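Student: Sharing a structure below in structure tokens format, with a few things to ask.
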Amino acid sequence: MNARLAAMLAAVGLLGVAGLWWLAPPPPPVAPPAADGDVPSTDAALDAPTAVAAPDGAPNVLMIVWDTTRADHLGLYGYRRDTTPHIAARADQGVVFDRVVSPAMWTPPSHSSMFTGAAPTHHGVKATYKWLDSHFTTLAEQLGHHGWETWAFSANPYVDPSTNITQGFETVNTTSSQPWRKAAKEATQAKLLPHDASTDISPAWKGKRVIGDVHPFKDAAPVASEALLDWLDARDDDRPWFAFVNMMEAHIPRVPSLASREALLDDALLQRGLTTKVSQTELLAYTFGKHDYSPDELDAIGGVYDAAVRDLDAATGALLDALDRQGVLDHTIVILTADHGENLGDHHMFGHKFSLWDTLLHVPLVVWWPGKLAPRHVTTPVSNLGLFSTVLHLVDVELPTPGPDLDVNLLDVDKPMPVFSELIESTPVSIRRIDKQYGIEDKARWLRTYRSVELDGYKLVVASDLTRELYDLRNDPGETTDLMQADKSRFLALDGLLHDWVASVPAYDPALRVDADHPSGVDSKTRRMLEALGYAEGDEEGDDGDEIEADTDAP
């Protein structure tokens, strides 16, 4: 472990032990990608414009995504625990968005939307097709074509070249590949507490270990920071740059640092968090009503999540401090957001699947640009799908043709606008897993797809079986009281907006694909990592796991 990384780990405290429109036919099925092709170049099939120089004085852009982070558990937004002291301390220097909605409730479609400005219905990334087609222009591509150098670091195995979601980045580093694999593993292992028996990577775990002796590499936010600083140090280019970092501490299995646990939790709650079992099996069984947790155990699980968020805050604060000392932030637009949230027992659910609850869609967003953006709070609800066009507006680069589904500058929104989200496909993997062990009587409800629209504090959710739910988010943020029968006029207005939006968004068209065949599988090391993160499972016989099916509890 090099000196800079050791210093950063120490700094963050991680060194230590109503419409028939729903009946319209879906887009044509996509043939499964070939299993043995090479991952194609993301530029080969594009009619890319000739690269041009960046505008004079163009700023750098740093985009940080806190994977699996719900806004209502951030101290920045008034949460009862001080989970984000570093970001909160910088909040008065930036633009804080109070109500940001993700276009999707899991990582591949959400990242694809933020990177392209296209809704999930349009870009087509879903559970059985986790590939972003190359004919979509990403933010990295558009900035790269206009003179920015592009770089990415991802802790999430679904945000890397194997899914083409990182299309357009000249350099892509991940926690599970060289040269950062060893450092990422050490950073994760450094936080494991000897008496932790809560997860299947915990040292004192009693039960089946999904990954044997192969530990995940996800808790590596300080490593991502080190990688970015190294890259900046090594540059001999005077071009502006666009850097993207995905940090995954808040995703299961959660192993927050002792420092963050002690900062937020009393000793009894801390100890309970180390003994409450939260493997993927237990969490799924709770969701399906086959297992229960006591109120104290649910509080402990939430406390562990909060400590993981504090680790994200510490690592991000250390990174921004380092960039500040180097004078980099003076000419850099910094964006902090999340791809989706997480159920923590809410609605008797864990993880991020099967629904469009606010616990999954309400995410943070803060934008800093010293001297250019006046600090303020934006209270109007917006979608972070609009980050694609917002960044291009800020740096004075035109939108690609055809443009995104939402062409908006989020920093210039002056009136309420409808915000839309989708779950365009569910999968039966988790259902089969729990059905085999416990039996499930009603499988259909778990296979529904969803769309939602929010406007003026009200949210309508419509399922593929035409089940509808209406909520008053201002007075009922927990979405506990369905107003469908009490407010028919509100339902009709929102349903009309949803109908019009669906009609306006281009459906994914597989005929437009220009990609060569690409592999549908992953290598054995990545496969084991996906299993540990709850994204995949081995075959029904439980052998060496060569047969893996991805789940929608994917990132």
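If you're wondering about the labels, chains in the structure tokens are A, B, ... by order shown, residues count from 1 in each chain, ligands from 1 in order shown.
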Mind the document's chain letters and residue numbers, and return as a list of chain:residue names the residues of range 401-445 of chain A that DSSP labels helix (DSSP H, G or I).
Tutor: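 Filtering range 401-445 of chain A to helix (DSSP H, G or I) leaves A:Leu410, A:Leu411, A:Asp412, A:Val429, A:Ser430, A:Ile431, A:Arg432, A:Arg433, A:Ile434, A:Asp435, A:Lys436, A:Gln437, A:Ala444, A:Arg445.
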Student: Based on DSSP run over this structure's backbone, return all residues of range 145-385 of chain A in strand (DSSP E or B), as a ChimeraX atom specification.
Tutor: /A:149-154,171-174,241-247,332-337,343-344,350-351,362-368,376-378,382-383
Student: So, counting only C-alpha atoms, which residue among A:Asn384, A:Ser154, A:Thr163, A:Thr121 is closest to Val502 in chain A?
Tutor: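 Checking each candidate against Val502 in chain A, we get A:Thr121 as the closest.
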Student: Give me the residues within 9 Å of Met349 in chain A as a list of chain:residue names, counting only C-alpha atoms and dropping any in the same chain fewer than 6 places off.
Tutor: A:Leu283, A:Leu284, A:Tyr286, A:Thr287, A:Phe288, A:Gly289, A:Asn343
Student: Considering only C-alpha atoms, return as an mmCIF file with C-alpha atoms, in the first residue's frame whatever protein or nucleic-acid residues lie within 12 Å of Phe350 in chain A, sequence-local ones (same chain, fewer than 2 positions apart) excluded.
Tutor:
```
data_model
loop_
_atom_site.group_PDB
_atom_site.id
_atom_site.type_symbol
_atom_site.label_atom_id
_atom_site.label_comp_id
_atom_site.auth_asym_id
_atom_site.auth_seq_id
_atom_site.Cartn_x
_atom_site.Cartn_y
_atom_site.Cartn_z
ATOM 1 C CA THR A 68 -27.229 2.857 -3.294
ATOM 2 C CA HIS A 251 -24.359 -1.428 -1.004
ATOM 3 C CA ILE A 252 -24.564 -4.882 0.585
ATOM 4 C CA VAL A 278 -28.161 -9.670 6.895
ATOM 5 C CA SER A 279 -27.059 -12.046 4.173
ATOM 6 C CA GLN A 280 -28.885 -11.828 0.861
ATOM 7 C CA THR A 281 -30.973 -14.866 1.829
ATOM 8 C CA GLU A 282 -32.236 -13.312 5.081
ATOM 9 C CA LEU A 283 -32.976 -9.989 3.424
ATOM 10 C CA LEU A 284 -34.907 -11.615 0.587
ATOM 11 C CA ALA A 285 -36.817 -13.846 2.976
ATOM 12 C CA TYR A 286 -37.899 -10.741 4.912
ATOM 13 C CA THR A 287 -39.064 -9.075 1.696
ATOM 14 C CA PHE A 288 -41.146 -12.125 0.785
ATOM 15 C CA GLY A 289 -42.638 -12.372 4.288
ATOM 16 C CA HIS A 291 -38.470 -14.081 7.812
ATOM 17 C CA ASP A 292 -38.812 -11.236 10.272
ATOM 18 C CA TYR A 293 -36.624 -8.794 12.165
ATOM 19 C CA LEU A 298 -34.209 -3.118 11.996
ATOM 20 C CA ILE A 301 -29.493 -2.615 10.175
ATOM 21 C CA GLY A 302 -30.314 1.027 9.515
ATOM 22 C CA TYR A 305 -26.241 1.549 6.598
ATOM 23 C CA GLY A 341 -31.632 4.364 -2.875
ATOM 24 C CA GLU A 342 -32.256 1.314 -0.721
ATOM 25 C CA ASN A 343 -35.105 -0.258 1.223
ATOM 26 C CA LEU A 344 -34.086 -0.871 4.839
ATOM 27 C CA GLY A 345 -37.192 -2.689 6.001
ATOM 28 C CA ASP A 346 -39.429 0.051 4.568
ATOM 29 C CA HIS A 347 -42.648 -1.406 3.150
ATOM 30 C CA HIS A 348 -41.377 -4.729 4.547
ATOM 31 C CA HIS A 352 -33.711 -2.191 -4.437
ATOM 32 C CA LYS A 353 -36.181 -4.119 -6.516
ATOM 33 C CA PHE A 354 -39.864 -4.891 -7.061
ATOM 34 C CA SER A 355 -41.118 -1.297 -6.670
ATOM 35 C CA TRP A 357 -40.984 3.508 -3.601
ATOM 36 C CA THR A 359 -36.853 5.005 -0.604
ATOM 37 C CA LEU A 360 -35.419 3.809 -3.944
ATOM 38 C CA GLY A 534 -26.269 -10.108 -4.243
ATOM 39 C CA ASP A 553 -31.023 -6.500 -6.969
#
```
Student: Ile87 in chain A: which residues within 7 Å, counting only C-alpha atoms, same-chain residues fewer than 4 positions away excluded, as an mmCIF file with C-alpha atoms, in the first residue's frame?
Tutor:
```
data_model
loop_
_atom_site.group_PDB
_atom_site.id
_atom_site.type_symbol
_atom_site.label_atom_id
_atom_site.label_comp_id
_atom_site.auth_asym_id
_atom_site.auth_seq_id
_atom_site.Cartn_x
_atom_site.Cartn_y
_atom_site.Cartn_z
ATOM 1 C CA ALA A 91 -23.037 22.601 1.248
ATOM 2 C CA ASP A 313 -18.795 11.123 3.214
ATOM 3 C CA GLY A 317 -14.478 14.890 1.910
#
```
Student: Per residue of range 395-496 of chain A within 10 Å of range 93-108 of chain A, note the shortest atom pair and the distance in Å to one decimal, counting only C-alpha atoms, and order the rows by chain and increasing residue number, as a tab-separated table.
Tutor:
```
residue	atom	partner	partner_atom	distance
A:Leu410	CA	A:Phe97	CA	9.2
A:Leu411	CA	A:Val95	CA	8.2
A:Val419	CA	A:Val101	CA	7.2
A:Phe420	CA	A:Pro103	CA	6.3
A:Ser421	CA	A:Pro103	CA	4.2
A:Glu422	CA	A:Ala104	CA	5.3
A:Leu423	CA	A:Ala104	CA	6.2
A:Ile424	CA	A:Ala104	CA	8.7
A:Arg451	CA	A:Ala104	CA	9.4
A:Ser452	CA	A:Pro103	CA	9.4
A:Glu454	CA	A:Val101	CA	9.0
```
Student: With distances taken over only C-alpha atoms, which of A:Pro222, A:Pro109, A:Gly351, A:Gly371 is nearest to Leu329 in chain A?
Tutor: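 Checking each of A:Pro222, A:Pro109, A:Gly351, A:Gly371 against Leu329 in chain A, counting only C-alpha atoms, the winner is A:Gly371.
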Student: Compile the contact shell of range 234-244 of chain A as a list in words: residues with an atom at most 7 Å away, counting only C-alpha atoms, same-chain residues fewer than 2 positions apart removed.
Tutor: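 Final neighbour list, sorted by chain and number: Ala58, Pro59, Asn60, Val61, Leu62, Met63, Ile64, Gly147, Trp148, Glu149, Thr150, Trp151, Ala152, Phe153, Asp230, Trp231, Leu232 and Asn246 of chain A.
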Student: Please produce a file of those selected residues containing C-alpha atoms, as a PDB file, in the first residue's frame.
Tutor:
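Output (part28.pdb):
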```pdb
ATOM      1  CA  ALA A  58     -13.402  25.300 -20.135  1.00  0.00           C
ATOM      2  CA  PRO A  59     -13.768  23.791 -16.645  1.00  0.00           C
ATOM      3  CA  ASN A  60     -12.997  20.283 -15.526  1.00  0.00           C
ATOM      4  CA  VAL A  61     -15.958  18.093 -14.512  1.00  0.00           C
ATOM      5  CA  LEU A  62     -15.900  15.618 -11.620  1.00  0.00           C
ATOM      6  CA  MET A  63     -18.964  13.409 -11.198  1.00  0.00           C
ATOM      7  CA  ILE A  64     -19.186  11.286  -8.048  1.00  0.00           C
ATOM      8  CA  GLY A 147     -11.656  18.366 -26.177  1.00  0.00           C
ATOM      9  CA  TRP A 148     -12.018  16.926 -22.669  1.00  0.00           C
ATOM     10  CA  GLU A 149      -9.817  14.076 -21.503  1.00  0.00           C
ATOM     11  CA  THR A 150     -12.016  11.400 -19.892  1.00  0.00           C
ATOM     12  CA  TRP A 151     -11.343   8.991 -17.021  1.00  0.00           C
ATOM     13  CA  ALA A 152     -13.501   6.696 -14.887  1.00  0.00           C
ATOM     14  CA  PHE A 153     -13.127   4.613 -11.733  1.00  0.00           C
ATOM     15  CA  ASP A 230      -2.479   9.651  -9.325  1.00  0.00           C
ATOM     16  CA  TRP A 231      -4.040  10.156 -12.738  1.00  0.00           C
ATOM     17  CA  LEU A 232      -4.091  13.927 -12.304  1.00  0.00           C
ATOM     18  CA  ASN A 246     -18.551   5.280  -8.498  1.00  0.00           C
TER      19      ASN A 246
END
```
Student: Env of Ala300 in chain A: 10 Å cut, atoms = only C-alpha atoms, seq-sep filter 2 positions within chain, self excluded. Answer as a count of residues only.
Tutor: 20
Student: Between CA of Gln326 in chain A and CA of Glu226 in chain A, what is the distance in Å, rounded to a tenth?
Tutor: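 Atom-to-atom, CA of Gln326 in chain A and CA of Glu226 in chain A are spaced 13.9 Å apart.
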